[in-house]
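A quick write-up on the structure given underneath.
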Amino acid sequence: MSSSTTTVREGWAVRLVIALALVFMFAPVVTMIVFSFNDPGGRFNYELGTFSLKAWRSPFAVPQLGAALGNSLIVAAVSAVLAALLGTPVGFALGRRKFVGGGAVSGLTFIPLATPEVVLGAGMLILFVATATIPFLKTITGGLFYPLGFPSVIVAHTTLGLSFVIINVRSRVIGAGVTLEQAARDLSASGFTVFRTIWLPIILPGILSGALLTFAISLDDFVLTNFTAGGTTMFPTWLYGLMRRELPPQIAVVGTLIFFVSLGLVALSAKISGRQPA
Amino acid sequence: MTSTQDAGQPARSPGVRAGWPEMLPTLVWLAALLIVPLVYILRMSFSDDPFALTATGWSLANYADSIPFYWDNLLNSVLIGLSSTILAFAIAMPVAYGISFYGGRWKAVLLFAFFAPFLTSYLIRIVAWQTLLGANGPLFGSLQQATGIEVRVLGTPFAVVAGLTYQLVPFVLLPLYTAFNRVDRTLCAAADDLYSGRCGRSGAILGAAGGFAIGLLLAFVFFGGRGIAAPGPLLFVLASALLGGAIGGTMTERFALIVFPLSRNGFVAAAVLSFIPALGDYVNAALLGNVRTQMLGNVIQAKFLVELDYAGAAALSATLLVAAMLLLTLLLRLIRGTELLDVV
């Protein structure tokens, strides 16, 4: 609507910038895909050698790659479910009405986004260490979080994902359903009925996209994982260690697989929720 | 990442409970895993036994020992972080504006295209940058074969800034896009009716000044304080000023006088979401840079995970945290706090 009314032409300039920016954004992705078909001839897959399908035929031929990826997928799935369960009530409350203390809750939600991740990871690390060294904390937690492992890394990733669930659910609730709720209450529907029949359908896409985002962030995250996973073999930290010794083309294959599977999942979720992705 | 539909503030609806009981587990969780660790870092930074795993006693030695010693790393964090944030804005601002105003029915697809590369693993994206920027990689390797010119990019500050900028673009793009989308289009139509044009001379002057400042910062980061007085870097600053002037002069008044001022929330949120992660990033510096480009995050992670100097690492973390919080408070002065959640 706007481009037809403008008297000054700027459309071509912004279109050119968008095209160039897309080249910038996809350059690493294209590189990754190309190098998944590469046989570097050495231990490091940084230079183009000869075309090869070898890595695609045996993507999990690198020792521990399968286990690392499996562990990361488990952690991502559990974190996504936990973040959805914990985040939904807060997002719902923040979106439905203003209340005393709402600003503080919003602030709490924003902390993970406004704190350097390395500080967050360091803080969680010393907290988990403290649950083993301070007797009082050790009694409460039962030593669950130290030595570091699945529980600590799941808790860390859930905390990071929570904010995204809260933000997504909140934005679904704002401005929606209030009149429906009042009508239902006038017809003396119970609080639970109102939630199930009116609010749940409204917020479900928000919960799903928040959970999906948590899953993606967890799978992607290096910093928090590095601080909280301890000896557990997680994909990003395992790869970071491996890269010092070798970089087999299988890594590019797995990256390409993750890319296309995630793309499929996003398309699916966009189709389910009927709203635009991202 | 969030709904792009127009979302205002929550309504006041009396008679509806806030829902504290349902929120309680989450609030306890967030307090235990966000507030407690951050406060504990502050406490630990004053601990008097550097190698104890829990805080003991009180001392300022951790700050006195570490900040002067790691001053260069702190400076790297700020300068590299700032350069990457500025470049991410330079890329994301026209893109967000273009998608919002000229995207038409391709809006959702175009926006998503900028997030799609982030569906692969963070580390694998950095590996791809290592590959692309390598001296024998697909770009510079073939350039050398064709022309004989040897280009070294990997292992320089430029590579770190490039990798970090790439990382930040979506975090700038989304808040800006959401904010641009909320700008009332009838105002733009009104401006067009009143023959709004390009910014002309005043825009060119402002743009040239901005381009000069940014060019100076980038030249300082890329070439170092001593290397800046050479023909190459000076030419770079000049080119940056010229480019800024050209952009400022040809920028439409519609963007500069209407869209930009009405999108303040988006700019603040974008600045927070890009500069603060940039300050703490260390993987780009570790994998794309050299010894001299190491940032504060590199030191913090080495102290925590390798040297086990918890108190010293806590002092550096606390410094980073306080810097981030100061910046946040400063930026939040510009908008109301809850509006941040609207544009994320």
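Chain identifiers are assigned as A, B, and so on, following the order in which chains appear in the structure tokens; residues are numbered from 1 within each chain, and ligands are numbered from 1 in order of appearance.
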
(request) Write out as a PyMOL selection string each polymer residue whose atoms come within 8 Å of Thr120 in chain B, counting only C-alpha atoms; drop sequence neighbours fewer than 6 positions from it. (result) chain A and resi 220+255-256+258-259+262

Please produce a file of those selected residues containing N, CA, C and O atoms, as a short mmCIF file (atom, residue, chain, number, x, y, z; two decimals), in the first residue's frame.
```cif
data_model
loop_
_atom_site.label_atom_id
_atom_site.label_comp_id
_atom_site.auth_asym_id
_atom_site.auth_seq_id
_atom_site.Cartn_x
_atom_site.Cartn_y
_atom_site.Cartn_z
N ASP A 220 21.22 -25.39 20.21
CA ASP A 220 22.17 -24.47 19.62
C ASP A 220 23.20 -23.98 20.63
O ASP A 220 24.32 -23.62 20.29
N GLY A 255 25.27 -30.83 10.47
CA GLY A 255 24.77 -29.46 10.44
C GLY A 255 23.69 -29.29 9.38
O GLY A 255 22.65 -28.67 9.62
N THR A 256 23.93 -29.84 8.19
CA THR A 256 22.95 -29.76 7.11
C THR A 256 21.66 -30.48 7.49
O THR A 256 20.55 -29.98 7.24
N ILE A 258 20.52 -31.05 10.58
CA ILE A 258 19.82 -30.25 11.60
C ILE A 258 19.08 -29.11 10.93
O ILE A 258 17.93 -28.82 11.24
N PHE A 259 19.75 -28.46 9.96
CA PHE A 259 19.15 -27.31 9.27
C PHE A 259 17.84 -27.70 8.59
O PHE A 259 16.80 -27.06 8.80
N SER A 262 15.06 -28.88 11.09
CA SER A 262 14.48 -27.73 11.79
C SER A 262 13.57 -26.93 10.87
O SER A 262 12.50 -26.48 11.28
#
```

(request) Pick out the residues sitting within 7 Å of Thr88 in chain A, and hand them over as JSON, numbers by chain; count only C-alpha atoms, and ignore anything fewer than 3 positions along from it in its own chain. (result) {"A": [84, 85, 91, 92, 165, 166, 169, 207]}

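For the pair CA of Trp199 in chain A and CA of Gly19 in chain B, the interatomic distance is 14.1 Å.
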
(message) Give me the residues near Glu117 in chain A as a VMD selection string, where near means some atom within 10 Å (using only C-alpha atoms) and where sequence neighbours in that chain fewer than 2 positions away do not count.
(response) (chain A and resid 112 to 115 119 to 123 160 221 to 224) or (chain B and resid 276 to 282 297 321)

(request) May I ask which of the residues B:Pro68, B:Gly289, B:Gly197, B:Gly57 is the closest one to chain A, counting only C-alpha atoms? (result) B:Gly197

(message) Excluding Thr141 in chain A and its own-chain neighbours fewer than 3 positions away, which residues fall within 12 Å of it when counting only C-alpha atoms? Please give them as a ChimeraX atom specification.
(response) /A:127-138,144-146,151-152

(request) With a distance cut-off of 9 Å and only C-alpha atoms, select the neighbouring residues of Leu216 in chain B, excluding the residue or stretch itself and same-chain residues fewer than 6 positions from it, and output the selection as a PyMOL selection string. (result) chain B and resi 228+233-234+236-237+240

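Reported to one decimal place, the separation of CA of Ala68 in chain A from CA of Gly155 in chain B is 28.5 Å.
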
(request) Using DSSP on the backbone coordinates, identify all residues within range 216-319 of chain B classified as alpha helix (DSSP H); present the result as a PyMOL selection string. (result) chain B and resi 216-227+231-250+253+260-262+264-280+283-288+296-302+310-319

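The coordinates place CA of Ser209 in chain A at 7.4 Å from CA of Ser269 in chain A.
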
(request) For range 207-209 of chain B, work out the shell of residues within 10 Å, counting only C-alpha atoms and skipping chain neighbours fewer than 6 positions away, then give it as a PyMOL selection string. (result) chain B and resi 201+215+238-251

N, CA, C and O atoms of the current selection, written as a tab-separated table (two decimals), in the first residue's frame:
```tsv
chain	number	residue	atom	x	y	z
B	201	ARG	N	20.99	18.32	2.33
B	201	ARG	CA	22.27	18.74	2.89
B	201	ARG	C	22.40	18.39	4.38
B	201	ARG	O	23.42	17.86	4.81
B	215	GLY	N	33.66	4.98	11.09
B	215	GLY	CA	34.87	4.59	10.38
B	215	GLY	C	36.09	4.62	11.29
B	215	GLY	O	36.94	3.73	11.26
B	238	LEU	N	37.89	7.84	5.48
B	238	LEU	CA	37.35	8.79	4.51
B	238	LEU	C	36.19	8.17	3.73
B	238	LEU	O	35.13	8.79	3.56
B	239	ALA	N	36.38	6.93	3.27
B	239	ALA	CA	35.33	6.24	2.52
B	239	ALA	C	34.08	6.07	3.37
B	239	ALA	O	32.96	6.25	2.89
B	240	SER	N	34.29	5.76	4.65
B	240	SER	CA	33.17	5.57	5.55
B	240	SER	C	32.39	6.87	5.71
B	240	SER	O	31.15	6.87	5.71
B	241	ALA	N	33.11	7.99	5.83
B	241	ALA	CA	32.45	9.29	5.97
B	241	ALA	C	31.68	9.63	4.70
B	241	ALA	O	30.54	10.11	4.76
B	242	LEU	N	32.29	9.35	3.53
B	242	LEU	CA	31.61	9.63	2.26
B	242	LEU	C	30.35	8.79	2.12
B	242	LEU	O	29.29	9.28	1.73
B	243	LEU	N	30.47	7.51	2.46
B	243	LEU	CA	29.31	6.62	2.38
B	243	LEU	C	28.20	7.10	3.31
B	243	LEU	O	27.03	7.16	2.93
B	244	GLY	N	28.60	7.48	4.54
B	244	GLY	CA	27.61	7.99	5.50
B	244	GLY	C	26.93	9.23	4.95
B	244	GLY	O	25.71	9.36	5.06
B	245	GLY	N	27.71	10.12	4.36
B	245	GLY	CA	27.14	11.33	3.78
B	245	GLY	C	26.17	11.02	2.66
B	245	GLY	O	25.08	11.60	2.57
B	246	ALA	N	26.55	10.08	1.79
B	246	ALA	CA	25.69	9.71	0.67
B	246	ALA	C	24.38	9.11	1.16
B	246	ALA	O	23.29	9.45	0.69
B	247	ILE	N	24.49	8.23	2.16
B	247	ILE	CA	23.27	7.60	2.70
B	247	ILE	C	22.40	8.65	3.39
B	247	ILE	O	21.19	8.71	3.18
B	248	GLY	N	23.05	9.50	4.21
B	248	GLY	CA	22.29	10.52	4.93
B	248	GLY	C	21.60	11.50	3.97
B	248	GLY	O	20.45	11.88	4.18
B	249	GLY	N	22.29	11.88	2.92
B	249	GLY	CA	21.72	12.85	1.99
B	249	GLY	C	20.57	12.30	1.17
B	249	GLY	O	19.62	13.02	0.86
B	250	THR	N	20.65	11.02	0.80
B	250	THR	CA	19.60	10.46	-0.05
B	250	THR	C	18.51	9.76	0.76
B	250	THR	O	17.52	9.29	0.20
B	251	MET	N	18.69	9.68	2.08
B	251	MET	CA	17.68	9.03	2.90
B	251	MET	C	16.36	9.81	2.78
B	251	MET	O	16.35	11.03	2.74
```

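With distances taken over only C-alpha atoms, B:Ile91 is the one residue among B:Leu176, B:Ala269, B:Ile91, B:Leu82 lying closest to chain A.
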
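Using only C-alpha atoms, the residues found no farther than 8 Å from range 201-205 of chain A, other than those of its own chain fewer than 5 positions away, are A:Phe92, A:Val169, A:Arg172, A:Val173, A:Ala176, A:Gly177, A:Arg196, A:Ser273.
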
Mind dumping a table of every range 57-153 of chain B residue within 12 Å of range 247-250 of chain A, with the nearest atom pair and its distance in Å to one decimal, using only C-alpha atoms, sorted by chain and rising number, as a tab-separated table?
```
residue	atom	partner	partner_atom	distance
B:Ile124	CA	A:Leu247	CA	10.6
B:Val127	CA	A:Leu247	CA	9.3
B:Ala128	CA	A:Leu247	CA	11.5
B:Gln130	CA	A:Leu247	CA	11.7
B:Thr131	CA	A:Leu247	CA	11.0
```
